[in-house]
file structure.txt (compact mmCIF, C-alpha atoms)
# COMPACT_ATOMS: atom_id res chain seq x y z
CA MET A 104 76.56 105.50 121.46
CA ASN A 105 77.19 102.40 119.38
CA GLU A 106 75.65 103.67 116.18
CA GLN A 107 76.00 100.47 114.21
CA ALA A 108 74.32 98.39 116.92
CA LEU A 109 71.47 100.89 117.11
CA ILE A 110 71.05 100.81 113.35
CA THR A 111 70.96 97.01 113.38
CA ASP A 112 68.37 97.01 116.17
CA ALA A 113 66.31 99.59 114.32
CA GLN A 114 66.48 97.47 111.19
CA ASN A 115 65.05 94.64 113.28
CA GLY A 116 62.11 96.86 114.21
CA SER A 117 63.31 98.39 117.48
CA LEU A 118 61.71 101.79 117.75
CA ASP A 119 63.63 102.58 120.92
CA ALA A 120 66.94 102.07 119.14
CA PHE A 121 65.82 104.28 116.29
CA ASN A 122 64.67 106.98 118.69
CA THR A 123 68.13 107.04 120.22
CA LEU A 124 69.47 107.80 116.75
CA VAL A 125 66.77 110.43 116.32
CA LEU A 126 67.85 112.22 119.49
CA HIS A 127 71.44 112.17 118.30
CA TYR A 128 70.79 113.53 114.82
CA GLN A 129 67.65 115.62 115.21
CA ASP A 130 69.49 118.94 115.45
CA ASN A 131 71.46 118.23 112.26
CA VAL A 132 68.34 117.15 110.43
CA PHE A 133 66.35 120.14 111.63
CA ASN A 134 69.08 122.62 110.71
CA THR A 135 69.43 121.15 107.25
CA ALA A 136 65.68 121.41 106.72
CA LEU A 137 65.67 124.93 108.16
CA ARG A 138 68.38 126.17 105.82
CA ILE A 139 66.76 124.58 102.79
CA LEU A 140 63.21 125.68 103.56
CA GLY A 141 63.94 128.91 105.45
CA ASP A 142 60.98 128.42 107.79
CA GLU A 143 61.04 126.84 111.24
CA ASP A 144 57.58 125.33 111.20
CA GLN A 145 58.04 123.82 107.77
CA ALA A 146 61.47 122.60 108.78
CA ALA A 147 60.03 120.89 111.86
CA ASP A 148 57.35 119.21 109.78
CA ALA A 149 59.89 118.10 107.18
CA SER A 150 62.20 116.76 109.91
CA GLN A 151 59.41 114.71 111.45
CA GLU A 152 58.43 113.36 108.05
CA ALA A 153 62.06 112.57 107.33
CA PHE A 154 62.44 110.50 110.51
CA ILE A 155 59.22 108.62 109.87
CA SER A 156 60.34 107.90 106.33
CA ALA A 157 63.80 106.92 107.57
CA PHE A 158 62.40 104.39 110.04
CA LYS A 159 60.17 102.83 107.42
CA SER A 160 63.01 102.49 104.96
CA ILE A 161 65.88 101.80 107.32
CA ALA A 162 66.05 98.23 106.07
CA SER A 163 67.37 99.66 102.80
CA PHE A 164 70.35 101.24 104.57
CA ARG A 165 73.37 99.22 103.49
CA GLY A 166 76.11 100.83 105.49
CA GLY A 167 78.23 103.90 104.84
CA SER A 168 77.50 107.25 106.38
CA PHE A 169 74.26 107.10 108.32
CA LYS A 170 74.30 110.86 108.62
CA GLY A 171 74.57 111.17 104.85
CA TRP A 172 71.70 108.72 104.45
CA LEU A 173 69.60 110.76 106.88
CA MET A 174 70.49 113.95 105.04
CA ARG A 175 69.23 112.46 101.82
CA THR A 176 65.98 111.54 103.55
CA VAL A 177 65.49 115.02 104.95
CA THR A 178 66.40 116.58 101.62
CA ASN A 179 63.69 114.50 99.96
CA ALA A 180 61.24 115.57 102.66
CA CYS A 181 62.17 119.20 101.98
CA TYR A 182 61.63 118.72 98.25
CA ASP A 183 58.21 117.26 99.00
CA GLU A 184 57.44 120.26 101.20
CA LEU A 185 58.53 122.66 98.46
CA ARG A 186 56.37 120.82 95.95
CA ARG A 187 53.42 121.20 98.31
CA GLN A 188 54.16 124.90 98.55
CA LYS A 189 54.13 125.17 94.77
CA ARG A 190 50.71 123.56 94.69
CA ARG A 191 49.50 125.91 97.46
CA PRO A 192 51.47 129.11 96.85
CA THR A 193 51.78 131.64 99.65
CA THR A 194 52.74 135.28 99.58
CA PRO A 195 56.54 135.60 99.78
CA LEU A 196 58.14 137.90 102.31
CA GLU A 197 60.44 139.33 99.67
CA PRO A 198 58.98 142.00 97.41
CA ASP A 199 58.68 141.26 93.71
CA THR A 200 60.41 143.14 90.96
CA GLU A 201 58.57 144.69 88.07
CA ASP A 202 59.06 141.42 86.21
CA GLY A 203 57.26 139.55 88.94
CA GLU A 204 60.39 137.84 90.29
CA GLU A 205 61.61 137.96 93.86
CA MET A 206 64.23 140.57 94.49
CA ASP A 207 67.74 139.21 95.04
CA SER A 208 68.93 142.41 96.62
CA PRO A 209 68.66 142.73 100.37
CA LYS A 210 67.67 146.36 100.01
CA TRP A 211 64.30 145.50 101.49
CA LEU A 212 66.02 145.24 104.81
CA ALA A 213 66.94 148.91 104.68
CA ASP A 214 63.41 150.00 105.14
CA PRO A 215 63.38 153.73 106.02
CA ASN A 216 60.37 153.10 108.19
CA MET A 217 62.28 150.68 110.41
CA THR A 218 63.49 151.85 113.79
CA PRO A 219 67.18 151.50 114.66
CA ALA A 220 66.35 148.57 116.88
CA GLN A 221 64.48 146.85 114.09
CA GLN A 222 67.31 147.64 111.73
CA ALA A 223 69.81 146.13 114.10
CA GLU A 224 67.68 143.03 114.39
CA ALA A 225 67.39 142.75 110.65
CA ASP A 226 71.17 143.05 110.36
CA GLU A 227 71.74 139.75 112.00
CA VAL A 228 74.13 137.68 110.04
CA GLU A 229 71.89 134.72 110.19
CA HIS A 230 69.05 136.50 108.49
CA ALA A 231 71.32 137.78 105.78
CA ILE A 232 72.71 134.37 105.06
CA GLN A 233 69.29 132.76 105.11
CA HIS A 234 68.04 135.38 102.72
CA CYS A 235 70.86 134.63 100.32
CA LEU A 236 70.36 130.90 100.72
CA ASN A 237 66.69 131.28 99.88
CA ASN A 238 67.64 132.87 96.58
CA LEU A 239 69.82 129.96 95.49
CA PRO A 240 68.52 127.30 93.14
CA LEU A 241 67.46 124.26 95.12
CA GLU A 242 70.22 121.95 93.87
CA PHE A 243 72.89 124.53 94.77
CA LYS A 244 71.32 125.22 98.14
CA THR A 245 71.22 121.54 99.05
CA VAL A 246 74.90 121.07 98.28
CA VAL A 247 76.10 124.18 100.08
CA VAL A 248 73.99 123.41 103.16
CA MET A 249 75.40 119.91 103.39
CA ALA A 250 79.02 120.83 102.67
CA ASP A 251 79.46 124.19 104.36
CA ILE A 252 76.81 124.24 107.07
CA GLN A 253 76.65 120.56 108.01
CA GLY A 254 80.37 120.00 107.32
CA MET A 255 79.94 116.92 105.16
CA ASP A 256 82.72 116.00 102.77
CA TYR A 257 82.30 115.75 99.02
CA THR A 258 81.82 112.00 99.04
CA GLU A 259 79.08 112.14 101.65
CA VAL A 260 77.30 114.92 99.80
CA ALA A 261 77.55 113.05 96.51
CA ALA A 262 76.10 109.94 98.14
CA ALA A 263 73.31 111.92 99.78
CA VAL A 264 72.32 113.86 96.67
CA ARG A 265 73.07 110.92 94.35
CA VAL A 266 74.97 112.90 91.77
CA PRO A 267 78.58 112.46 90.58
CA LEU A 268 81.41 113.97 92.59
CA GLY A 269 82.31 116.38 89.77
CA THR A 270 78.78 117.77 89.81
CA ILE A 271 79.03 118.34 93.54
CA LYS A 272 82.28 120.29 93.11
CA SER A 273 80.78 122.39 90.36
CA ARG A 274 77.55 123.11 92.22
CA LEU A 275 79.39 123.99 95.41
CA ALA A 276 81.70 126.43 93.63
CA ARG A 277 78.82 128.15 91.88
CA ALA A 278 76.76 128.24 95.04
CA ARG A 279 79.60 129.88 96.94
CA LEU A 280 80.08 132.42 94.18
CA ARG A 281 76.40 133.33 94.18
CA LEU A 282 76.36 133.59 97.96
CA ARG A 283 79.39 135.82 97.85
CA GLU A 284 77.67 138.11 95.37
CA CYS A 285 74.54 138.18 97.48
CA LEU A 286 76.39 138.75 100.75
CA GLN A 287 78.27 141.69 99.28
CA GLY A 288 75.09 143.63 99.81
CA PHE A 289 75.40 142.90 103.51
CA ALA A 290 79.10 143.75 103.80
CA GLU A 291 78.54 146.72 106.06
CA LEU A 292 76.20 144.65 108.20
CA LEU A 293 78.64 141.86 108.92
CA PRO A 294 80.39 141.96 112.31
CA ALA A 295 83.80 143.51 112.36
CA SER A 296 85.28 140.55 114.17
CA TYR A 297 84.29 138.37 111.28
CA ARG A 298 86.01 140.62 108.75
CA LEU A 299 89.15 140.80 110.85
CA GLU A 300 89.22 137.07 111.26
CA GLU A 301 88.71 136.50 107.57
CA GLY A 302 91.47 138.92 106.79
CA MET A 303 93.81 136.97 109.00
CA ASN A 304 92.71 133.66 107.54
CA ALA A 305 93.04 134.86 103.99
CA SER A 306 96.52 136.19 104.43
CA MET B 107 86.81 134.33 86.08
CA ASN B 108 85.80 131.26 84.19
CA GLN B 109 83.91 128.33 85.59
CA ARG B 110 86.95 126.06 85.58
CA ASP B 111 89.02 128.45 87.72
CA LEU B 112 86.13 128.99 90.09
CA GLU B 113 85.77 125.25 90.62
CA LEU B 114 89.53 124.88 91.09
CA LEU B 115 89.52 127.58 93.75
CA SER B 116 86.57 126.04 95.55
CA VAL B 117 88.10 122.57 95.60
CA TYR B 118 91.46 124.03 96.61
CA LEU B 119 89.75 125.81 99.49
CA ASP B 120 88.45 122.48 100.74
CA GLY B 121 91.87 120.86 100.35
CA GLN B 122 90.53 118.38 97.82
CA LEU B 123 92.75 119.38 94.90
CA LYS B 124 95.48 117.04 93.68
CA PRO B 125 98.97 118.09 94.85
CA SER B 126 100.16 118.80 91.34
CA ASP B 127 97.09 120.96 90.58
CA SER B 128 97.50 122.71 93.91
CA THR B 129 101.09 123.64 93.09
CA ARG B 130 100.08 125.08 89.75
CA LEU B 131 97.17 127.02 91.27
CA GLU B 132 99.31 128.44 94.06
CA ALA B 133 101.77 129.69 91.46
CA ARG B 134 98.95 131.41 89.63
CA LEU B 135 97.63 132.92 92.84
CA GLN B 136 101.00 134.59 93.37
CA THR B 137 100.77 136.37 90.04
CA ASP B 138 97.02 136.87 89.58
CA PRO B 139 95.49 139.29 92.15
CA GLN B 140 91.97 138.78 90.80
CA LEU B 141 92.25 135.03 91.33
CA ALA B 142 93.55 135.62 94.85
CA SER B 143 90.71 138.02 95.55
CA VAL B 144 88.11 135.50 94.50
CA LEU B 145 89.75 132.89 96.69
CA LYS B 146 89.60 135.27 99.61
CA ASP B 147 85.93 135.95 99.02
CA LEU B 148 85.14 132.27 98.72
CA ARG B 149 86.97 131.58 101.96
CA ALA B 150 85.09 134.38 103.69
CA THR B 151 81.80 133.04 102.38
CA ARG B 152 82.55 129.54 103.57
CA SER B 153 83.63 130.83 106.96
CA LEU B 154 80.43 132.81 107.27
CA LEU B 155 78.36 129.76 106.48
CA ARG B 156 80.26 127.70 109.01
CA LYS B 157 79.61 130.34 111.63
CA LEU B 158 75.91 130.09 111.09
CA PRO B 159 74.48 129.15 114.47
CA GLN B 160 73.15 125.64 114.81
CA ARG B 161 69.60 125.87 116.01
CA ARG B 162 68.30 123.36 118.48
CA ALA B 163 65.38 121.33 117.29
CA PRO B 164 62.20 123.01 118.56
CA ARG B 165 60.98 119.66 119.91
CA ASN B 166 62.01 116.04 120.00
CA PHE B 167 61.31 114.18 116.79
CA THR B 168 61.23 110.76 118.42
CA LEU B 169 58.69 108.45 116.87
CA THR B 170 55.74 106.73 118.45
CA ARG B 171 54.37 103.40 117.30
CA GLN B 172 51.26 105.11 116.01
CA MET B 173 53.40 107.36 113.81
CA VAL B 174 55.04 104.46 112.06
CA GLY B 175 51.88 102.35 111.92
CA GLN B 176 53.11 99.61 114.21
CA ASN B 177 50.43 97.32 115.65
CA PRO B 178 50.23 96.67 119.39
CA PRO B 179 51.91 93.47 120.58
CA LEU B 180 49.23 90.80 120.87
CA PRO B 181 49.32 87.81 123.26
CA ARG B 182 50.96 84.65 122.03
CA THR B 183 47.64 82.81 122.17
CA TYR B 184 46.06 85.27 119.76
CA PRO B 185 46.92 83.28 116.62
CA VAL B 186 45.34 80.18 118.18
CA PHE B 187 42.04 81.98 118.60
CA ARG B 188 42.30 83.45 115.16
CA PHE B 189 42.79 80.00 113.70
CA ALA B 190 39.94 78.59 115.79
CA THR B 191 37.58 81.33 114.66
CA ALA B 192 38.44 80.81 111.04
CA LEU B 193 38.15 77.03 111.29
CA ALA B 194 34.83 77.07 113.14
CA THR B 195 33.38 79.56 110.68
CA LEU B 196 34.59 77.52 107.75
CA LEU B 197 33.15 74.30 109.14
CA PHE B 198 29.88 76.04 109.96
CA VAL B 199 29.46 77.21 106.39
CA PHE B 200 30.63 73.86 105.08
CA SER B 201 28.04 72.01 107.17
CA PHE B 202 25.25 73.98 105.51
CA GLY B 203 26.65 73.10 102.12
CA VAL B 204 26.91 69.45 103.01
CA ASN B 205 23.34 69.32 104.28
CA THR B 206 21.99 71.08 101.22
CA VAL B 207 23.79 68.78 98.82
CA GLY B 208 22.76 65.76 100.89
CA ARG B 209 19.10 66.78 100.73
CA GLN B 210 19.26 67.22 96.97
CA LEU B 211 20.90 63.84 96.48
CA ALA B 212 18.29 62.17 98.67
CA SER B 213 15.46 63.79 96.70
CA GLN B 214 16.92 62.67 93.39
CA THR B 215 17.18 59.09 94.63
CA TYR B 216 13.65 59.25 95.98
CA PHE B 217 12.09 60.49 92.74
CA GLY B 218 14.08 58.09 90.63
CA ARG B 219 12.78 55.13 92.63
CA GLY B 220 9.14 56.23 92.59
CA GLY B 221 9.02 57.40 89.00
CA GLY B 222 9.41 54.00 87.52
CA GLY B 223 11.95 55.18 85.06
CA GLY B 224 9.56 57.46 83.23
CA CYS B 225 7.48 54.69 81.70
CA ASP B 226 4.36 56.23 80.27
CA GLY B 227 1.35 54.46 78.94
CA PRO B 228 -0.83 51.53 79.53
CA ASP B 229 1.70 49.07 78.19
CA CYS B 230 4.25 49.78 80.84
CA PRO B 231 5.01 46.35 82.23
CA GLU B 232 6.83 47.45 85.32
CA VAL B 233 4.02 49.55 86.68
CA GLN B 234 1.41 46.94 85.81
CA SER B 235 3.26 44.25 87.63
CA PHE B 236 4.04 46.65 90.45
CA ALA B 237 0.39 47.48 90.89
CA ALA B 238 -0.82 43.93 90.51
CA GLU B 239 1.77 41.97 92.37
CA ALA B 240 2.50 44.25 95.25
CA PRO B 241 -0.66 45.81 96.49
CA ALA B 242 0.90 46.58 99.80
CA ALA B 243 3.52 48.68 98.13
CA ALA B 244 1.01 50.65 96.13
CA PRO B 245 0.39 53.24 98.77
CA VAL B 246 4.09 53.85 99.02
CA ALA B 247 4.36 54.22 95.28
CA ALA B 248 1.40 56.52 95.18
CA THR B 249 2.74 58.47 98.09
CA GLU B 250 6.25 58.83 96.77
CA ALA B 251 5.50 59.73 93.20
CA PRO B 252 1.94 60.71 92.69
CA GLY B 253 2.67 62.68 89.59
CA GLU B 254 4.21 59.82 87.69
CA THR B 255 1.57 57.14 88.00
CA THR B 256 0.00 57.80 84.67
CA ALA B 257 0.03 54.20 83.59
CA PRO B 258 -2.03 52.75 86.41
CA LEU B 259 -4.38 55.70 86.16
CA ALA B 260 -5.05 55.03 82.55
CA GLN B 261 -5.86 51.46 83.40
CA ALA B 262 -8.15 52.29 86.25
CA PRO B 263 -11.41 52.01 84.31
CA LEU B 264 -10.43 48.57 83.10
CA ALA B 265 -9.15 47.14 86.34
CA PRO B 266 -10.00 48.29 89.81
CA ALA B 267 -7.13 49.56 91.85
CA PRO B 268 -5.74 47.00 94.24
CA THR B 269 -5.73 49.33 97.18
CA GLU B 270 -7.88 52.08 98.44
CA THR B 271 -5.23 54.71 98.24
CA ALA B 272 -4.31 53.81 94.74
CA ALA B 273 -7.94 53.77 93.76
CA SER B 274 -8.62 57.12 95.20
CA THR B 275 -5.58 58.60 93.49
CA ASP B 276 -6.59 57.01 90.26
CA ALA B 277 -10.10 58.29 90.57
CA ALA B 278 -8.80 61.76 91.06
CA ARG B 279 -6.92 61.57 87.81
CA ILE B 280 -9.71 60.15 85.69
CA VAL B 281 -12.54 62.44 86.55
CA ASP B 282 -12.56 63.62 82.97
CA THR B 283 -13.03 60.20 81.51
CA PRO B 284 -16.56 59.11 80.61
CA ALA B 285 -16.52 56.34 83.13
CA ALA B 286 -15.65 58.59 85.93
CA LYS B 287 -18.08 61.36 85.29
CA ASN B 288 -20.59 59.60 87.45
CA ALA B 289 -18.34 59.74 90.38
CA GLY B 290 -19.23 63.36 90.75
CA GLU B 291 -17.51 66.25 92.40
CA THR B 292 -18.03 64.94 95.87
CA GLU B 293 -15.63 62.09 95.43
CA ASN B 294 -13.09 64.36 93.85
CA ALA B 295 -13.40 66.86 96.65
CA VAL B 296 -12.90 64.20 99.21
CA GLU B 297 -9.88 62.70 97.54
CA GLN B 298 -7.94 65.87 96.78
CA PRO B 299 -7.06 66.53 100.44
CA ASP B 300 -5.90 62.98 100.74
CA GLN B 301 -3.35 63.51 98.04
CA SER B 302 -1.95 66.69 99.57
CA GLN B 303 -1.86 65.00 102.93
CA VAL B 304 0.14 62.22 101.45
CA GLN B 305 2.58 64.72 99.94
CA ASN B 306 3.00 66.52 103.25
CA GLU B 307 3.77 63.36 105.01
CA ALA B 308 6.72 62.59 102.70
CA PRO B 309 9.69 61.81 104.94
CA SER B 310 12.50 64.39 104.65
CA PRO B 311 15.98 62.90 104.68
CA ALA B 312 17.97 63.38 107.87
CA PRO B 313 20.73 66.09 107.57
CA LEU B 314 24.23 64.72 107.25
CA VAL B 315 25.54 67.21 109.81
CA PRO B 316 23.25 67.34 112.82
CA SER B 317 21.91 70.70 113.87
CA ILE B 318 23.56 70.39 117.25
CA TRP B 319 26.93 70.34 115.54
CA GLN B 320 26.10 73.43 113.53
CA ILE B 321 25.01 75.26 116.66
CA GLY B 322 28.19 74.18 118.38
CA LEU B 323 30.34 75.47 115.54
CA ALA B 324 28.52 78.79 115.49
CA VAL B 325 28.93 79.21 119.21
CA ALA B 326 32.62 78.27 119.05
CA ALA B 327 33.24 80.79 116.26
CA ALA B 328 31.40 83.52 118.13
CA ILE B 329 33.20 82.91 121.43
CA SER B 330 36.57 82.79 119.75
CA ALA B 331 35.86 86.00 117.85
CA VAL B 332 34.80 87.77 121.03
CA LEU B 333 37.97 86.65 122.79
CA MET B 334 40.06 87.95 119.88
CA PHE B 335 38.29 91.28 120.06
CA LEU B 336 38.90 91.53 123.80
CA MET B 337 42.57 90.65 123.37
CA GLN B 338 42.95 93.40 120.78
CA ARG B 339 41.25 95.97 122.97
CA ILE B 340 43.32 95.10 126.02
CA ALA B 341 46.55 95.13 124.02
CA MET B 342 45.64 98.47 122.47
CA SER B 343 44.82 100.07 125.81
CA ARG B 344 48.08 98.84 127.34
CA TRP B 345 49.99 100.00 124.29
CA ARG B 346 48.58 103.50 124.52
CA LYS B 347 49.51 103.74 128.17
CA GLU B 348 53.18 102.99 127.45
call {"tool": "encode", "arguments": {"input": "structure.txt", "output": "structure tokens"}}
result
Amino acid sequence: MNEQALITDAQNGSLDAFNTLVLHYQDNVFNTALRILGDEDQAADASQEAFISAFKSIASFRGGSFKGWLMRTVTNACYDELRRQKRRPTTPLEPDTEDGEEMDSPKWLADPNMTPAQQAEADEVEHAIQHCLNNLPLEFKTVVVMADIQGMDYTEVAAAVRVPLGTIKSRLARARLRLRECLQGFAELLPASYRLEEGMNAS
Amino acid sequence: MNQRDLELLSVYLDGQLKPSDSTRLEARLQTDPQLASVLKDLRATRSLLRKLPQRRAPRNFTLTRQMVGQNPPLPRTYPVFRFATALATLLFVFSFGVNTVGRQLASQTYFGRGGGGGCDGPDCPEVQSFAAEAPAAAPVAATEAPGETTAPLAQAPLAPAPTETAASTDAARIVDTPAAKNAGETENAVEQPDQSQVQNEAPSPAPLVPSIWQIGLAVAAAISAVLMFLMQRIAMSRWRKE
């Protein structure tokens, strides 16, 4: 795939060229939206909106990382979706504390009423991570999703989020720290192979 | 663990730390178990995030032309018909304006000629000479401007009107004078219809743009508009099939 040629064609109004780019990047865009929003349906809607917005504004793309540019578009679509949610609040899955805030602890997973099968399902690493991601502030979540889940480098993330490089470093460090603290509650749920591997990597 | 050390560890983990800073940090890691522990946890966290399964998009997010508001491709002749419709409509409206203005100008010229310049009274020389010297033109004058022939009317009792039409018009105007009271209502009743008949027979000026042209323009505009509409419908139906 000649990405630059497709981008140029899309800038000249070729929808077919843009759709080729869509097919190439749609999984990345959807996963970014999914990790930011934590809901598949909302992520799909945000992804579709992001691609529509991207096509309409592709003339403003002036080179650089097209993936980073797309990530910025999908991030904006996610922010719009979150703003809509604030206007039309829904009941969160997580229980509230006495102060009315969502609980950070994953203790809700250890529901005594759950069957072993349900417990095993709830122990999935993905759910644990998503739960912790959902508890991060939005600006931290965006950075950690782009850097650690999408594998973008600092420069790409800084360009996508439009904040200085130093801010990206700071946000990423704090996001990782918070995730670590959150995931400590899932330590016994994490697969043994993962712990062994990490032990080897860390040594 | 302060914020600065946390950021150093995170950047070091990503291999983005300067070599000199890396050397210093590695030396600290050798002597500070807490720092090394945090680094290990950060690495484990990052590894966990990287292991997060990449979900496939639940459907294709490819765009359709309707989604991005693109219009269907129209035939190349479409702009020609659009221009023709606009031009024909413009000319059609313009022809009405031209005819209206032309009629008004013709009426102003007509009244100005028949009015005698607004001369009022028995001493008006133009009207006296007009009535006396050109009896054949009197009917025309009476016909064209019956409301402005006050001067000859005032003179009617003194001098008989040179023509029958002028006399009858004059008689109609002087029924209130003592000399005319004998004429009676019969004469007046007979002469009133004559005056209205004369007014109805006033020639209307010919329109500058003939009606046939206006009809032609209207038909051209309508046909062109219908063709445009059909082109749009056909293009839209083809576009939806693609």
call {"tool": "interface_residues", "arguments": {"input": "structure.txt", "of": "chain A", "to": "chain B", "cutoff": "7 Å", "atoms": "all atoms listed in the file", "output": "CSV table (one decimal) with C-alpha atoms, keeping the file's coordinate frame"}}
result
chain,number,residue,atom,x,y,z
A,122,ASN,CA,64.7,107.0,118.7
A,125,VAL,CA,66.8,110.4,116.3
A,126,LEU,CA,67.8,112.2,119.5
A,129,GLN,CA,67.6,115.6,115.2
A,130,ASP,CA,69.5,118.9,115.4
A,133,PHE,CA,66.4,120.1,111.6
A,134,ASN,CA,69.1,122.6,110.7
A,151,GLN,CA,59.4,114.7,111.4
A,155,ILE,CA,59.2,108.6,109.9
A,229,GLU,CA,71.9,134.7,110.2
A,251,ASP,CA,79.5,124.2,104.4
A,252,ILE,CA,76.8,124.2,107.1
A,272,LYS,CA,82.3,120.3,93.1
A,273,SER,CA,80.8,122.4,90.4
A,276,ALA,CA,81.7,126.4,93.6
A,279,ARG,CA,79.6,129.9,96.9
A,280,LEU,CA,80.1,132.4,94.2
A,283,ARG,CA,79.4,135.8,97.8
A,301,GLU,CA,88.7,136.5,107.6
A,305,ALA,CA,93.0,134.9,104.0
call {"tool": "residues_around", "arguments": {"input": "structure.txt", "residues": "Asn237 (chain A)", "least_positions_apart": "2", "cutoff": "10 Å", "atoms": "only C-alpha atoms", "output": "PyMOL selection string"}}
result
chain A and resi 138-141+207+231-235+239-241+244
call {"tool": "atom_distance", "arguments": {"input": "structure.txt", "atom1": "CA of Thr191 (chain B)", "atom2": "CA of Ala312 (chain B)"}}
result
27.4 Å
call {"tool": "atom_distance", "arguments": {"input": "structure.txt", "atom1": "CA of Pro313 (chain B)", "atom2": "CA of Gly203 (chain B)"}}
result
10.7 Å
call {"tool": "atom_distance", "arguments": {"input": "structure.txt", "atom1": "CA of Leu333 (chain B)", "atom2": "CA of Gln172 (chain B)"}}
result
23.7 Å
call {"tool": "closest_residue", "arguments": {"input": "structure.txt", "among": "B:Tyr184, B:Phe189, B:Phe200, B:Trp345", "to": "Ala326 (chain B)", "atoms": "only C-alpha atoms"}}
result
B:Phe189
call {"tool": "residues_around", "arguments": {"input": "structure.txt", "residues": "Ala153 (chain A)", "least_positions_apart": "2", "cutoff": "10 Å", "atoms": "all atoms listed in the file", "output": "number ranges by chain"}}
result
A: 132-133, 136, 147-151, 155-159, 173-181; B: 167
call {"tool": "closest_residue", "arguments": {"input": "structure.txt", "among": "A:Asp119, A:Gly171, A:Gln188, A:Thr135", "to": "Tyr257 (chain A)", "atoms": "all atoms listed in the file"}}
result
A:Gly171
call {"tool": "residues_around", "arguments": {"input": "structure.txt", "residues": "region 163-167 of chain A", "least_positions_apart": "2", "cutoff": "9 Å", "atoms": "only C-alpha atoms", "output": "ChimeraX atom specification"}}
result
/A:107,110,114,160-161,169-172,259
